[in-house]
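Structure first, commentary second.
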Amino acid sequence: MTVKVTKFGGSSVASATQIEKVGRIIKHDPQRKFIIVSAPGKRNKQDVKITDMLIALGDAYLSNVTYEDNLESILQRFKEIVLELQLPNTILMDIEQSIRDVLAKEIPAVQKMDAIKALGEDSSAKIVSAYLQQLDINATYLNPQDAGLIVSDEPGNAQILPESFPKIHNLRAKDGIQVIPGFFGFTKEGQLATFSRGGSDITGSIIAAGLKADLYENFTDVDSVYTVNPTIVDHPKEITTLTYKEMRELSYAGFSVFHDEALIPAFREEIPVCIKNTNNPEAPGTMIVADKEPDEKCVVGIASDSGFCSLYVSKYLMNREIGFGRKLLQILEDEGISFEHAPSGIDDMSVIIREKKLPFEKEAIILRRIKEELAVDTVTMHRNLAMIMVVGEGLVRTIGVAQKATTAIRDADVNIEMINQGSSEVSMMFGISADDLDRAIQSLYTAYFGDK
Ligand code: ASP
């Protein structure tokens with residue numbers, strides 16, 4: 001039996017029209033038996049996601065201010081969908097009751113916030129399963145608790161526990177189509193906990209891994225993963241196949257089509273992932289697989305992200321001082337700061353940190369501690385950096401890739417502040433000023449993908 005797990009993102013369930021497309025996609029392929037849904041997302045650029053509306057409702061409730069307006073606008077969005085799909089009004093009543101029950105429940109604030117956030121996906125799954133039934137499809141809403149999703153007790157950042165997978169595997173015996181809300185699971189104690197934001201992708205991947213599915217389809221609103229961010233380069237080329245490692249590097253630096261945490265379960269079970277478009281399901285999409293045939297174009301994509309800063313430390317004879325790197329990173333650990341990369345030289349070390357993880361107060365403490373405790377010659381913090389990742393399996397074995405990149409960056413008249421090649425098998429990283437990012441990316445795109 002071929003098993004496909006099919007996940008629909010927020011834009012795919014944002015309105016009745018979108019849910020009708022979802023219905024057609026499911027009907028089209030009887031192997032699509034496990035459906036994961038997000039909460040209704042944005043219908044247009046100005047729109048607000050249901051999850052954000054629920055967070056606003058939770059904030060209002062928890063800070064004891066009136067929340068009826070928030071609740072009303074959430075119900076209004078669901079009402080439009082339910083009415084347009086001509087579903088029974090009881091669904092709407094059920095959704096409202098579920099929201100009010102969660103608000104009234106006596107649980108700690110963090111748990112309550114998580115339970116409120118999860119209502120978007122939960123209601124979405126109820127609506128989609130009812131709609132499929134209306135299409136005469138044997139579909140059932142399946143709660144993540146009954147599906148076997150057991151997670152750690154970390155509200156807003158839950159991690160799947162290994163005992164979930166055999167439980168999920170038993171779902172293969174189920175009849176008909178199961179519609180499972182994404183984004184949350186339950187702790188061993190039965191407490192609801194959500195994954196990080198965008199986490200319905202994670203649910204889909206976990207279900208696919210547990211079922212040992214043949215394919216995990218992830219429906220979004222783009223035809224494929226592109227070689228470069230389409231907001232920087234117009235109509236960039238599409239990627240047809242890429243490996244998990246390549247996807248990991250791309251999604252790290254700005255490719256938001258697929259949640260980076262979602263790759264892990266699929267990767268461990270080697271389940272191929274296909275990114276597809278709900279608005280154009282005939283397009284082949286992008287396949288993410290364990291291995292692919294080597295091709296002469298070793299670069300698959302160019303990712304980039306701004307919002308980085310670099311902590312630069314220099315000390316004469318650093319290379320001879322045993323434990324220097326550890327002590328430096330220990331200071332960051334003490335201050336609760338994670339780091340992204342740490343390129344080093346004989347007397348210098350840079351530590352790249354996401355700016356949003358480093359408030360200015362922390363920066364002052366860290367600089368002072370490094371100066372005092374490590375007796376360094378120089379310690380500075382450089383903000384407003386952007387990172388570019390040139391990604392591709394085989395890149396490290398190919399002659400001339402780095403030269404092509406540096407030439408392209410030079411042609412764009414951009415100064416490279418940092419290069420890191422070799423610490424990753426599949427990427428080459430360049431640090432530049434964030435103000436120069438678009439220019440550098442456009443030039444790199446032409447160098448690697450432009451038609452010559
Ligand atoms: N609705 C959740 C969010 O907006 C999860 C998801 O859509 O994947 O973060």
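Ligands are numbered from 1 in the order shown, residues from 1 within each chain, and chains are lettered A, B, ... in the order they appear in the structure tokens.
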Those of range 7-148 of chain A in DSSP helix (DSSP H, G or I), formatted as a PyMOL selection string: chain A and resi 10-13+16-28+50-62+68-84+89-104+109-117+119-134+144-147
Show which residues sit within 9 Å of range 380-382 of chain A, as number ranges by chain. Count only C-alpha atoms, and ignore same-chain residues fewer than 3 positions away. A: 308-313, 363, 367, 385
I need the residues of range 248-450 of chain A that end up classed as strand (DSSP E or B) by DSSP on the backbone, written out as a PyMOL selection string. chain A and resi 273-277+286-289+301-314+341+344+348-354+378-391+418-421+427-433
Pick out the residues no farther than 8 Å from ligand 1, counting only C-alpha atoms and all ligand atoms, and list them as an mmCIF file with N, CA and C atoms, in the first residue's frame.
data_model
loop_
_atom_site.group_PDB
_atom_site.id
_atom_site.type_symbol
_atom_site.label_atom_id
_atom_site.label_comp_id
_atom_site.auth_asym_id
_atom_site.auth_seq_id
_atom_site.Cartn_x
_atom_site.Cartn_y
_atom_site.Cartn_z
ATOM 1 N N GLY A 9 -0.636 24.184 3.802
ATOM 2 C CA GLY A 9 -0.231 25.342 4.600
ATOM 3 C C GLY A 9 -1.350 26.370 4.747
ATOM 4 N N GLY A 10 -1.042 27.427 5.475
ATOM 5 C CA GLY A 10 -2.040 28.442 5.807
ATOM 6 C C GLY A 10 -2.756 29.057 4.610
ATOM 7 N N SER A 38 -2.808 23.447 8.298
ATOM 8 C CA SER A 38 -2.456 24.632 9.082
ATOM 9 C C SER A 38 -3.732 25.375 9.450
ATOM 10 N N ALA A 39 -3.561 26.433 10.212
ATOM 11 C CA ALA A 39 -4.676 27.356 10.477
ATOM 12 C C ALA A 39 -4.851 28.236 9.249
ATOM 13 N N PRO A 40 -6.063 28.774 9.008
ATOM 14 C CA PRO A 40 -6.209 29.685 7.868
ATOM 15 C C PRO A 40 -5.175 30.815 7.937
ATOM 16 N N GLY A 41 -4.473 30.995 6.830
ATOM 17 C CA GLY A 41 -3.437 32.032 6.783
ATOM 18 C C GLY A 41 -3.951 33.282 6.090
ATOM 19 N N LYS A 49 -3.052 36.393 9.777
ATOM 20 C CA LYS A 49 -3.219 34.946 9.966
ATOM 21 C C LYS A 49 -4.086 34.684 11.187
ATOM 22 N N ILE A 50 -4.873 33.624 11.120
ATOM 23 C CA ILE A 50 -5.700 33.260 12.283
ATOM 24 C C ILE A 50 -4.813 33.039 13.525
ATOM 25 N N THR A 51 -3.652 32.434 13.346
ATOM 26 C CA THR A 51 -2.785 32.189 14.514
ATOM 27 C C THR A 51 -2.407 33.517 15.181
ATOM 28 N N ASP A 52 -2.118 34.546 14.373
ATOM 29 C CA ASP A 52 -1.777 35.842 14.973
ATOM 30 C C ASP A 52 -2.996 36.461 15.655
ATOM 31 N N LYS A 117 -3.370 29.187 20.800
ATOM 32 C CA LYS A 117 -2.699 29.192 19.480
ATOM 33 C C LYS A 117 -3.089 27.986 18.625
ATOM 34 N N ALA A 118 -3.269 26.839 19.300
ATOM 35 C CA ALA A 118 -3.551 25.592 18.575
ATOM 36 C C ALA A 118 -4.970 25.555 18.002
ATOM 37 N N GLY A 120 -6.431 27.395 15.928
ATOM 38 C CA GLY A 120 -6.515 27.690 14.493
ATOM 39 C C GLY A 120 -6.427 26.418 13.674
ATOM 40 N N GLU A 121 -5.417 25.597 13.977
ATOM 41 C CA GLU A 121 -5.232 24.338 13.240
ATOM 42 C C GLU A 121 -6.380 23.385 13.568
ATOM 43 N N GLY A 182 -2.225 20.431 12.306
ATOM 44 C CA GLY A 182 -0.783 20.563 12.485
ATOM 45 C C GLY A 182 -0.463 21.401 13.706
ATOM 46 N N PHE A 183 0.846 21.571 13.968
ATOM 47 C CA PHE A 183 1.346 22.596 14.891
ATOM 48 C C PHE A 183 1.363 22.217 16.373
ATOM 49 N N PHE A 195 4.456 23.396 18.559
ATOM 50 C CA PHE A 195 5.809 23.469 18.015
ATOM 51 C C PHE A 195 6.140 24.946 17.830
ATOM 52 N N SER A 196 7.341 25.224 17.292
ATOM 53 C CA SER A 196 7.656 26.626 17.030
ATOM 54 C C SER A 196 6.773 27.130 15.885
ATOM 55 N N ARG A 197 6.764 28.430 15.666
ATOM 56 C CA ARG A 197 5.882 29.015 14.652
ATOM 57 C C ARG A 197 6.146 28.382 13.280
ATOM 58 N N GLY A 198 5.078 28.220 12.540
ATOM 59 C CA GLY A 198 5.199 27.567 11.235
ATOM 60 C C GLY A 198 5.275 26.045 11.369
ATOM 61 N N GLY A 199 4.949 25.547 12.572
ATOM 62 C CA GLY A 199 5.222 24.150 12.899
ATOM 63 C C GLY A 199 4.280 23.100 12.332
ATOM 64 N N SER A 200 3.326 23.460 11.501
ATOM 65 C CA SER A 200 2.495 22.401 10.896
ATOM 66 C C SER A 200 3.327 21.533 9.953
ATOM 67 N N ASP A 201 4.348 22.138 9.351
ATOM 68 C CA ASP A 201 5.284 21.355 8.529
ATOM 69 C C ASP A 201 5.911 20.242 9.368
ATOM 70 N N ILE A 202 6.184 20.566 10.639
ATOM 71 C CA ILE A 202 6.827 19.590 11.531
ATOM 72 C C ILE A 202 5.861 18.429 11.772
#
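Nearest to Val414 in chain A of all the residues A:Ile432, A:Val426, A:Ala342, A:Leu75 is A:Ile432, counting only C-alpha atoms.
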Polymer residues at most 8 Å from Ile137 in chain A, only C-alpha atoms, same-chain spacing of 2 or more positions, as a PyMOL selection string: chain A and resi 27+132-135+139+176-177
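Here the question is which of A:Ile337, A:Glu261, A:Glu393, A:Ile180 gets nearest to Ala290 in chain A using only C-alpha atoms, and that residue is A:Glu393.
Atom to atom, CA of Ser164 in chain A and CA of Leu103 in chain A stand 28.1 Å apart.
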Contacts of range 54-58 of chain A within 10 Å, only C-alpha atoms, excl. fewer than 2 positions in-chain, as a count of residues only: 32
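By chain and then residue number, the residues within 8 Å of range 298-302 of chain A are Tyr226, Thr227, Val228, Asn229, Ile239, Leu242, Glu246, Leu250, Pro294, Ile388, Met389, Val390, Val391, Gly392, Glu393, Gly394, Leu395, Thr398, Ile441, Leu444, Tyr445 and Tyr448 of chain A, counting only C-alpha atoms and disregarding those fewer than 4 positions away in sequence.
CA of Gln18 in chain A is found 11.2 Å from CA of Lys42 in chain A.
Counting only C-alpha atoms, Arg248 in chain A has the following residues at most 10 Å away, ignoring those fewer than 6 positions along the same chain: Phe255, Phe258, His259, Asp260, Glu261, Ala262, Leu263, Ile264, Val391 and Val426 of chain A.
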For those residues, write C-alpha atoms to a file as an mmCIF file, in the first residue's frame.
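Produced file result-v8.cif, reproduced below:
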data_model
loop_
_atom_site.group_PDB
_atom_site.id
_atom_site.type_symbol
_atom_site.label_atom_id
_atom_site.label_comp_id
_atom_site.auth_asym_id
_atom_site.auth_seq_id
_atom_site.Cartn_x
_atom_site.Cartn_y
_atom_site.Cartn_z
ATOM 1 C CA PHE A 255 14.210 30.096 2.269
ATOM 2 C CA PHE A 258 9.733 24.653 4.523
ATOM 3 C CA HIS A 259 10.358 24.777 8.281
ATOM 4 C CA ASP A 260 13.963 23.790 9.005
ATOM 5 C CA GLU A 261 12.937 21.607 11.985
ATOM 6 C CA ALA A 262 10.550 19.727 9.705
ATOM 7 C CA LEU A 263 13.372 18.162 7.740
ATOM 8 C CA ILE A 264 14.672 16.036 10.603
ATOM 9 C CA VAL A 391 24.572 25.925 -1.576
ATOM 10 C CA VAL A 426 27.425 21.705 1.095
#
